[in-house]
file final02.txt (compact mmCIF, C-alpha atoms)
# COMPACT_ATOMS: atom_id res chain seq x y z
CA GLY O 179 4.63 49.76 -24.67
CA SER O 180 7.76 48.59 -26.49
CA VAL O 181 7.81 48.26 -30.26
CA LEU O 182 8.50 44.59 -30.98
CA GLY O 183 8.41 44.91 -34.75
CA SER O 184 6.92 46.79 -37.64
CA ALA O 185 5.98 45.82 -41.16
CA THR O 186 4.40 47.27 -44.28
CA THR O 187 1.37 45.48 -45.65
CA ASN O 188 1.07 44.15 -49.17
CA ALA O 189 -1.29 45.73 -51.73
CA GLN O 190 -4.25 43.90 -50.14
CA GLY O 191 -3.42 45.36 -46.71
CA VAL O 192 -2.13 42.07 -45.27
CA THR O 193 0.99 41.41 -43.24
CA THR O 194 2.15 38.72 -40.81
CA PHE O 195 3.62 38.90 -37.30
CA THR O 196 4.87 36.10 -35.08
CA THR O 197 4.27 36.43 -31.34
CA GLY O 198 4.46 34.25 -28.26
CA CYS O 199 1.38 32.02 -27.99
CA ASP O 200 0.28 33.36 -24.60
CA GLN O 201 1.37 36.95 -25.16
CA GLU O 202 -1.19 39.75 -25.47
CA THR O 203 -0.03 42.11 -28.23
CA SER O 204 -1.14 45.56 -29.37
CA LEU O 205 -1.18 46.30 -33.07
CA LYS O 206 -0.97 49.94 -34.12
CA VAL O 207 -2.04 50.43 -37.73
CA THR O 208 -1.26 53.66 -39.59
CA LYS O 209 -1.96 54.88 -43.10
CA ALA O 210 -1.63 58.33 -44.61
CA GLU O 211 -4.93 60.23 -44.63
CA PHE O 212 -6.48 57.79 -42.13
CA GLU O 213 -6.73 57.95 -38.36
CA ASP O 214 -4.39 55.54 -36.58
CA ASN O 215 -6.06 52.57 -34.89
CA THR O 216 -4.70 50.30 -32.17
CA VAL O 217 -6.19 46.91 -31.32
CA THR O 218 -5.18 44.38 -28.70
CA VAL O 219 -4.84 40.75 -29.76
CA ALA O 220 -5.02 38.02 -27.12
CA GLY O 221 -2.39 35.33 -27.34
CA SER O 222 -3.51 32.04 -28.85
CA LYS O 223 -2.21 28.52 -29.25
CA GLU O 224 -3.76 28.41 -32.72
CA GLU O 225 -1.36 28.17 -35.63
CA ARG O 226 -2.71 31.39 -37.18
CA LYS O 227 -5.01 34.12 -36.03
CA GLU O 228 -6.48 36.61 -38.47
CA VAL O 229 -7.12 40.11 -37.21
CA THR O 230 -8.92 42.82 -39.19
CA VAL O 231 -8.25 46.43 -38.26
CA ASP O 232 -10.57 49.07 -39.65
CA LEU O 233 -9.25 52.55 -40.37
CA THR O 234 -11.34 55.70 -40.51
CA PRO O 235 -10.54 58.22 -43.22
CA ILE O 236 -9.59 61.61 -41.87
CA LYS O 237 -12.56 63.82 -42.61
CA PRO O 238 -12.09 66.47 -45.26
CA ILE O 239 -10.52 69.30 -43.33
CA ILE O 240 -10.01 71.97 -45.97
CA VAL O 241 -12.93 74.39 -46.00
CA GLU O 242 -12.59 77.41 -48.27
CA ASP O 243 -9.33 79.09 -47.22
CA LYS O 244 -8.83 77.25 -43.90
CA VAL O 245 -7.65 73.91 -42.61
CA VAL O 246 -10.30 73.04 -40.02
CA LEU O 247 -9.21 70.85 -37.11
CA ASP O 248 -11.00 69.80 -33.97
CA PRO O 249 -10.30 72.29 -31.16
CA ILE O 250 -6.73 72.28 -29.90
CA TYR O 251 -7.00 72.48 -26.14
CA PHE O 252 -4.33 73.88 -23.87
CA GLU O 253 -4.12 73.51 -20.13
CA PHE O 254 -5.21 76.57 -18.17
CA ASP O 255 -2.58 79.32 -18.43
CA LYS O 256 -0.25 77.04 -20.43
CA SER O 257 1.09 77.01 -23.98
CA LYS O 258 2.51 73.46 -24.09
CA ILE O 259 1.01 71.25 -26.81
CA THR O 260 -1.07 68.47 -25.21
CA PRO O 261 -1.26 64.92 -26.66
CA GLN O 262 -4.76 65.78 -27.95
CA GLY O 263 -3.42 68.93 -29.60
CA ALA O 264 -0.53 67.00 -31.12
CA ALA O 265 -2.95 64.49 -32.68
CA GLU O 266 -4.87 67.35 -34.31
CA LEU O 267 -1.72 69.11 -35.48
CA ASP O 268 -0.51 65.83 -36.99
CA LYS O 269 -3.55 66.10 -39.30
CA LEU O 270 -2.36 69.57 -40.36
CA VAL O 271 1.08 68.11 -41.10
CA LEU O 272 -0.56 65.40 -43.26
CA VAL O 273 -2.42 68.05 -45.25
CA MET O 274 0.72 70.15 -45.65
CA ASN O 275 2.63 67.10 -46.86
CA LYS O 276 -0.14 66.38 -49.37
CA TYR O 277 0.07 69.97 -50.66
CA PRO O 278 3.82 70.75 -50.58
CA GLU O 279 3.28 74.34 -51.73
CA MET O 280 0.77 75.10 -48.96
CA VAL O 281 1.65 78.01 -46.68
CA ILE O 282 -0.28 78.34 -43.39
CA TYR O 283 -0.85 81.27 -41.06
CA ALA O 284 -1.87 79.99 -37.61
CA THR O 285 -3.78 82.21 -35.19
CA SER O 286 -4.52 81.47 -31.57
CA HIS O 287 -7.42 83.15 -29.76
CA THR O 288 -8.51 83.42 -26.14
CA ASP O 289 -11.81 84.08 -24.44
CA SER O 290 -12.49 87.50 -22.90
CA ARG O 291 -11.55 86.56 -19.35
CA GLY O 292 -8.27 88.08 -18.18
CA SER O 293 -6.70 91.36 -19.25
CA ASP O 294 -6.19 92.24 -22.90
CA SER O 295 -2.39 92.22 -22.54
CA TYR O 296 -2.38 88.93 -20.62
CA ASN O 297 -4.57 87.25 -23.25
CA MET O 298 -2.48 88.62 -26.11
CA ASN O 299 0.70 87.25 -24.53
CA LEU O 300 -0.89 83.84 -23.76
CA SER O 301 -2.34 83.45 -27.25
CA ASP O 302 0.97 84.47 -28.83
CA ARG O 303 2.83 81.80 -26.81
CA ARG O 304 0.23 79.23 -27.91
CA ALA O 305 0.53 80.23 -31.58
CA LYS O 306 4.34 80.02 -31.38
CA ALA O 307 4.13 76.58 -29.72
CA THR O 308 1.76 75.43 -32.47
CA VAL O 309 4.12 76.63 -35.21
CA ALA O 310 7.14 75.05 -33.46
CA TYR O 311 5.33 71.71 -33.22
CA VAL O 312 4.50 71.66 -36.95
CA ILE O 313 8.10 72.58 -37.81
CA SER O 314 9.34 69.79 -35.50
CA LYS O 315 7.40 67.34 -37.71
CA GLY O 316 9.47 68.27 -40.78
CA ILE O 317 7.49 71.16 -42.26
CA SER O 318 9.76 74.00 -43.40
CA ALA O 319 9.60 77.12 -41.22
CA SER O 320 8.99 79.11 -44.42
CA ARG O 321 5.61 77.37 -44.78
CA ILE O 322 4.03 78.21 -41.42
CA SER O 323 3.87 81.28 -39.24
CA GLY O 324 1.55 82.34 -36.49
CA ASP O 325 0.43 85.02 -34.10
CA GLY O 326 -1.72 85.37 -31.06
CA LYS O 327 -4.86 87.45 -31.40
CA GLY O 328 -5.85 87.40 -27.72
CA GLU O 329 -9.50 88.26 -27.33
CA SER O 330 -9.48 90.77 -30.22
CA GLU O 331 -11.31 88.56 -32.78
CA PRO O 332 -13.99 86.56 -30.93
CA ALA O 333 -15.88 83.84 -32.79
CA VAL O 334 -18.90 84.78 -30.66
CA ALA O 335 -19.18 88.47 -29.76
CA CYS O 336 -20.80 88.05 -26.36
CA GLY O 337 -18.69 90.53 -24.36
CA ALA O 338 -18.92 90.11 -20.60
CA ASN O 339 -22.07 87.96 -20.85
CA CYS O 340 -20.58 84.83 -22.44
CA THR O 341 -21.75 81.38 -21.46
CA GLU O 342 -19.08 78.74 -20.80
CA GLU O 343 -19.82 77.28 -24.25
CA GLN O 344 -19.29 80.68 -25.89
CA HIS O 345 -15.99 81.14 -24.00
CA GLN O 346 -14.93 77.72 -25.36
CA GLN O 347 -15.81 78.73 -28.93
CA ASN O 348 -13.68 81.85 -28.55
CA ARG O 349 -10.68 79.83 -27.28
CA ARG O 350 -9.53 78.43 -30.59
CA SER O 351 -6.76 78.11 -33.14
CA GLU O 352 -7.33 78.76 -36.82
CA PHE O 353 -5.17 77.70 -39.75
CA ILE O 354 -5.52 80.03 -42.73
CA ILE O 355 -4.21 78.86 -46.11
CA LYS O 356 -2.14 81.76 -47.44
CA SER O 357 -1.19 79.94 -50.66
CA GLY O 358 -0.65 76.52 -52.21
CA GLY O 359 -3.91 74.87 -51.16
CA PRO O 360 -6.15 72.73 -53.37
CA ASN O 361 -8.25 75.77 -54.31
CA SER O 362 -5.27 78.03 -55.11
CA ASN O 363 -4.87 79.31 -58.62
call {"tool": "encode", "arguments": {"input": "final02.txt", "output": "structure tokens"}}
result
Amino acid sequence: GSVLGSATTNAQGVTTFTTGCDQETSLKVTKAEFEDNTVTVAGSKEERKEVTVDLTPIKPIIVEDKVVLDPIYFEFDKSKITPQGAAELDKLVLVMNKYPEMVIYATSHTDSRGSDSYNMNLSDRRAKATVAYVISKGISASRISGDGKGESEPAVACGANCTEEQHQQNRRSEFIIKSGGPNSN
């Protein structure tokens, strides 16, 4: 788990590391606009060992006036950002860095279970935690704001007869581009 060294590749994407011959080593490879990838390399007594690490481009996540991320899950009754949520929000930070004029309005929504006031309070805490996380990654507070919407704007209007899948669709965060996106005039 300790970082033993880091290096930037050359234009061909190649770099060199020296490790102990019997030491298993993890390589974490990162590149802007690509998903990180970590591979484990077994130690070897060979002079050199070539390792290829494939990176997957981050799918286009700007759709019309929104930045679309995979669902950001929270633990039940909690507003703390989970590691999974942080990975998704890191994609939002990448997009905001790519478009330095982009201003985002984040909304957090709940399902219809629980009282209206409880859900409004919970979703507001989650929206505020989301905004605070993005700001903690170096995005100016003037570029992102957010509010909780509780259960007031369901994605699926199923009332008291929602399936578990419909409840899940209603528990979501949305990231609306207020200005400065690629489609802004």
call {"tool": "closest_residue", "arguments": {"input": "final02.txt", "among": "O:Ser257, O:Glu266, O:Glu331, O:Ala284", "to": "Arg303 of chain O", "atoms": "only C-alpha atoms"}}
result
O:Ser257
call {"tool": "atom_distance", "arguments": {"input": "final02.txt", "atom1": "atom CA of Lys327 of chain O", "atom2": "atom CA of Asp243 of chain O"}}
result
18.4 Å
call {"tool": "residues_around", "arguments": {"input": "final02.txt", "residues": "segment 210-226 of chain O", "least_positions_apart": "2", "cutoff": "12 Å", "atoms": "all atoms listed in the file", "output": "mmCIF file with C-alpha atoms, in the frame of the given file"}}
result
data_model
loop_
_atom_site.group_PDB
_atom_site.id
_atom_site.type_symbol
_atom_site.label_atom_id
_atom_site.label_comp_id
_atom_site.auth_asym_id
_atom_site.auth_seq_id
_atom_site.Cartn_x
_atom_site.Cartn_y
_atom_site.Cartn_z
ATOM 1 C CA GLY O 179 4.630 49.760 -24.670
ATOM 2 C CA THR O 194 2.150 38.720 -40.810
ATOM 3 C CA PHE O 195 3.620 38.900 -37.300
ATOM 4 C CA THR O 196 4.870 36.100 -35.080
ATOM 5 C CA THR O 197 4.270 36.430 -31.340
ATOM 6 C CA GLY O 198 4.460 34.250 -28.260
ATOM 7 C CA CYS O 199 1.380 32.020 -27.990
ATOM 8 C CA ASP O 200 0.280 33.360 -24.600
ATOM 9 C CA GLN O 201 1.370 36.950 -25.160
ATOM 10 C CA GLU O 202 -1.190 39.750 -25.470
ATOM 11 C CA THR O 203 -0.030 42.110 -28.230
ATOM 12 C CA SER O 204 -1.140 45.560 -29.370
ATOM 13 C CA LEU O 205 -1.180 46.300 -33.070
ATOM 14 C CA LYS O 206 -0.970 49.940 -34.120
ATOM 15 C CA VAL O 207 -2.040 50.430 -37.730
ATOM 16 C CA THR O 208 -1.260 53.660 -39.590
ATOM 17 C CA GLU O 228 -6.480 36.610 -38.470
ATOM 18 C CA VAL O 229 -7.120 40.110 -37.210
ATOM 19 C CA THR O 230 -8.920 42.820 -39.190
ATOM 20 C CA VAL O 231 -8.250 46.430 -38.260
ATOM 21 C CA ASP O 232 -10.570 49.070 -39.650
ATOM 22 C CA LEU O 233 -9.250 52.550 -40.370
ATOM 23 C CA THR O 234 -11.340 55.700 -40.510
ATOM 24 C CA PRO O 235 -10.540 58.220 -43.220
ATOM 25 C CA ILE O 236 -9.590 61.610 -41.870
ATOM 26 C CA LYS O 237 -12.560 63.820 -42.610
ATOM 27 C CA PRO O 238 -12.090 66.470 -45.260
ATOM 28 C CA ILE O 239 -10.520 69.300 -43.330
ATOM 29 C CA ALA O 265 -2.950 64.490 -32.680
ATOM 30 C CA GLU O 266 -4.870 67.350 -34.310
ATOM 31 C CA ASP O 268 -0.510 65.830 -36.990
ATOM 32 C CA LYS O 269 -3.550 66.100 -39.300
ATOM 33 C CA LEU O 270 -2.360 69.570 -40.360
ATOM 34 C CA VAL O 271 1.080 68.110 -41.100
ATOM 35 C CA LEU O 272 -0.560 65.400 -43.260
ATOM 36 C CA VAL O 273 -2.420 68.050 -45.250
ATOM 37 C CA MET O 274 0.720 70.150 -45.650
ATOM 38 C CA ASN O 275 2.630 67.100 -46.860
ATOM 39 C CA LYS O 276 -0.140 66.380 -49.370
#
call {"tool": "closest_residue", "arguments": {"input": "final02.txt", "among": "O:Val192, O:Asp248, O:Ser323, O:Asp289", "to": "Glu342 of chain O", "atoms": "all atoms listed in the file"}}
result
O:Asp289
call {"tool": "residues_near_point", "arguments": {"input": "final02.txt", "point": "(-3.3, 76.4, -49.3)", "cutoff": "9 Å", "atoms": "only C-alpha atoms", "output": "PDB file with C-alpha atoms, in the frame of the given file"}}
result
ATOM      1  CA  ILE O 240     -10.010  71.970 -45.970  1.00  0.00           C
ATOM      2  CA  ASP O 243      -9.330  79.090 -47.220  1.00  0.00           C
ATOM      3  CA  LYS O 244      -8.830  77.250 -43.900  1.00  0.00           C
ATOM      4  CA  VAL O 245      -7.650  73.910 -42.610  1.00  0.00           C
ATOM      5  CA  MET O 274       0.720  70.150 -45.650  1.00  0.00           C
ATOM      6  CA  TYR O 277       0.070  69.970 -50.660  1.00  0.00           C
ATOM      7  CA  GLU O 279       3.280  74.340 -51.730  1.00  0.00           C
ATOM      8  CA  MET O 280       0.770  75.100 -48.960  1.00  0.00           C
ATOM      9  CA  VAL O 281       1.650  78.010 -46.680  1.00  0.00           C
ATOM     10  CA  ILE O 282      -0.280  78.340 -43.390  1.00  0.00           C
ATOM     11  CA  ILE O 354      -5.520  80.030 -42.730  1.00  0.00           C
ATOM     12  CA  ILE O 355      -4.210  78.860 -46.110  1.00  0.00           C
ATOM     13  CA  LYS O 356      -2.140  81.760 -47.440  1.00  0.00           C
ATOM     14  CA  SER O 357      -1.190  79.940 -50.660  1.00  0.00           C
ATOM     15  CA  GLY O 358      -0.650  76.520 -52.210  1.00  0.00           C
ATOM     16  CA  GLY O 359      -3.910  74.870 -51.160  1.00  0.00           C
ATOM     17  CA  PRO O 360      -6.150  72.730 -53.370  1.00  0.00           C
ATOM     18  CA  ASN O 361      -8.250  75.770 -54.310  1.00  0.00           C
ATOM     19  CA  SER O 362      -5.270  78.030 -55.110  1.00  0.00           C
TER      20      SER O 362
END
call {"tool": "atom_distance", "arguments": {"input": "final02.txt", "atom1": "atom CA of Tyr251 of chain O", "atom2": "atom CA of Ser320 of chain O"}}
result
25.2 Å
call {"tool": "atom_distance", "arguments": {"input": "final02.txt", "atom1": "atom CA of Ile250 of chain O", "atom2": "atom CA of Ser184 of chain O"}}
result
29.9 Å
call {"tool": "closest_residue", "arguments": {"input": "final02.txt", "among": "O:Ile322, O:Val309, O:Leu300, O:Ala185", "to": "Arg349 of chain O", "atoms": "all atoms listed in the file"}}
result
O:Leu300
call {"tool": "build_atoms", "arguments": {"input": "final02.txt", "residues": "segment 193-222 of chain O", "atoms": "N, CA and C atoms", "output": "tab-separated table (two decimals), in the coordinates of the input"}}
result
chain	number	residue	atom	x	y	z
O	193	THR	N	-0.38	41.67	-43.68
O	193	THR	CA	0.99	41.41	-43.24
O	193	THR	C	0.94	40.32	-42.17
O	194	THR	N	2.08	39.80	-41.77
O	194	THR	CA	2.15	38.72	-40.81
O	194	THR	C	3.13	39.08	-39.69
O	195	PHE	N	2.74	38.75	-38.46
O	195	PHE	CA	3.62	38.90	-37.30
O	195	PHE	C	3.65	37.57	-36.56
O	196	THR	N	4.75	37.27	-35.93
O	196	THR	CA	4.87	36.10	-35.08
O	196	THR	C	5.03	36.59	-33.65
O	197	THR	N	4.21	36.04	-32.74
O	197	THR	CA	4.27	36.43	-31.34
O	197	THR	C	4.28	35.18	-30.48
O	198	GLY	N	4.56	35.36	-29.20
O	198	GLY	CA	4.46	34.25	-28.26
O	198	GLY	C	3.01	33.83	-28.13
O	199	CYS	N	2.75	32.52	-27.94
O	199	CYS	CA	1.38	32.02	-27.99
O	199	CYS	C	0.51	32.53	-26.85
O	200	ASP	N	1.08	32.88	-25.72
O	200	ASP	CA	0.28	33.36	-24.60
O	200	ASP	C	0.48	34.85	-24.36
O	201	GLN	N	1.03	35.54	-25.33
O	201	GLN	CA	1.37	36.95	-25.16
O	201	GLN	C	0.30	37.86	-25.77
O	202	GLU	N	-0.26	38.76	-24.96
O	202	GLU	CA	-1.19	39.75	-25.47
O	202	GLU	C	-0.37	40.82	-26.19
O	203	THR	N	-0.79	41.19	-27.39
O	203	THR	CA	-0.03	42.11	-28.23
O	203	THR	C	-0.93	43.22	-28.74
O	204	SER	N	-0.41	44.44	-28.77
O	204	SER	CA	-1.14	45.56	-29.37
O	204	SER	C	-0.61	45.79	-30.77
O	205	LEU	N	-1.54	45.97	-31.70
O	205	LEU	CA	-1.18	46.30	-33.07
O	205	LEU	C	-1.60	47.73	-33.34
O	206	LYS	N	-0.65	48.57	-33.74
O	206	LYS	CA	-0.97	49.94	-34.12
O	206	LYS	C	-0.87	50.01	-35.64
O	207	VAL	N	-1.98	50.40	-36.28
O	207	VAL	CA	-2.04	50.43	-37.73
O	207	VAL	C	-2.13	51.89	-38.16
O	208	THR	N	-1.27	52.28	-39.10
O	208	THR	CA	-1.26	53.66	-39.59
O	208	THR	C	-1.30	53.66	-41.11
O	209	LYS	N	-1.94	54.67	-41.66
O	209	LYS	CA	-1.96	54.88	-43.10
O	209	LYS	C	-2.20	56.36	-43.34
O	210	ALA	N	-1.47	56.92	-44.29
O	210	ALA	CA	-1.63	58.33	-44.61
O	210	ALA	C	-3.09	58.62	-44.92
O	211	GLU	N	-3.56	59.74	-44.43
O	211	GLU	CA	-4.93	60.23	-44.63
O	211	GLU	C	-5.99	59.41	-43.92
O	212	PHE	N	-5.57	58.55	-42.97
O	212	PHE	CA	-6.48	57.79	-42.13
O	212	PHE	C	-6.07	57.98	-40.68
O	213	GLU	N	-7.04	57.89	-39.77
O	213	GLU	CA	-6.73	57.95	-38.36
O	213	GLU	C	-6.07	56.65	-37.95
O	214	ASP	N	-5.04	56.73	-37.10
O	214	ASP	CA	-4.39	55.54	-36.58
O	214	ASP	C	-5.41	54.73	-35.78
O	215	ASN	N	-5.20	53.41	-35.70
O	215	ASN	CA	-6.06	52.57	-34.89
O	215	ASN	C	-5.18	51.53	-34.21
O	216	THR	N	-5.44	51.29	-32.94
O	216	THR	CA	-4.70	50.30	-32.17
O	216	THR	C	-5.69	49.27	-31.65
O	217	VAL	N	-5.37	47.99	-31.85
O	217	VAL	CA	-6.19	46.91	-31.32
O	217	VAL	C	-5.30	45.98	-30.51
O	218	THR	N	-5.90	45.34	-29.52
O	218	THR	CA	-5.18	44.38	-28.70
O	218	THR	C	-5.60	42.98	-29.12
O	219	VAL	N	-4.61	42.12	-29.32
O	219	VAL	CA	-4.84	40.75	-29.76
O	219	VAL	C	-4.41	39.82	-28.64
O	220	ALA	N	-5.34	38.99	-28.17
O	220	ALA	CA	-5.02	38.02	-27.12
O	220	ALA	C	-4.15	36.92	-27.70
O	221	GLY	N	-3.22	36.45	-26.91
O	221	GLY	CA	-2.39	35.33	-27.34
O	221	GLY	C	-3.23	34.09	-27.59
O	222	SER	N	-2.75	33.21	-28.48
O	222	SER	CA	-3.51	32.04	-28.85
O	222	SER	C	-2.57	30.90	-29.18
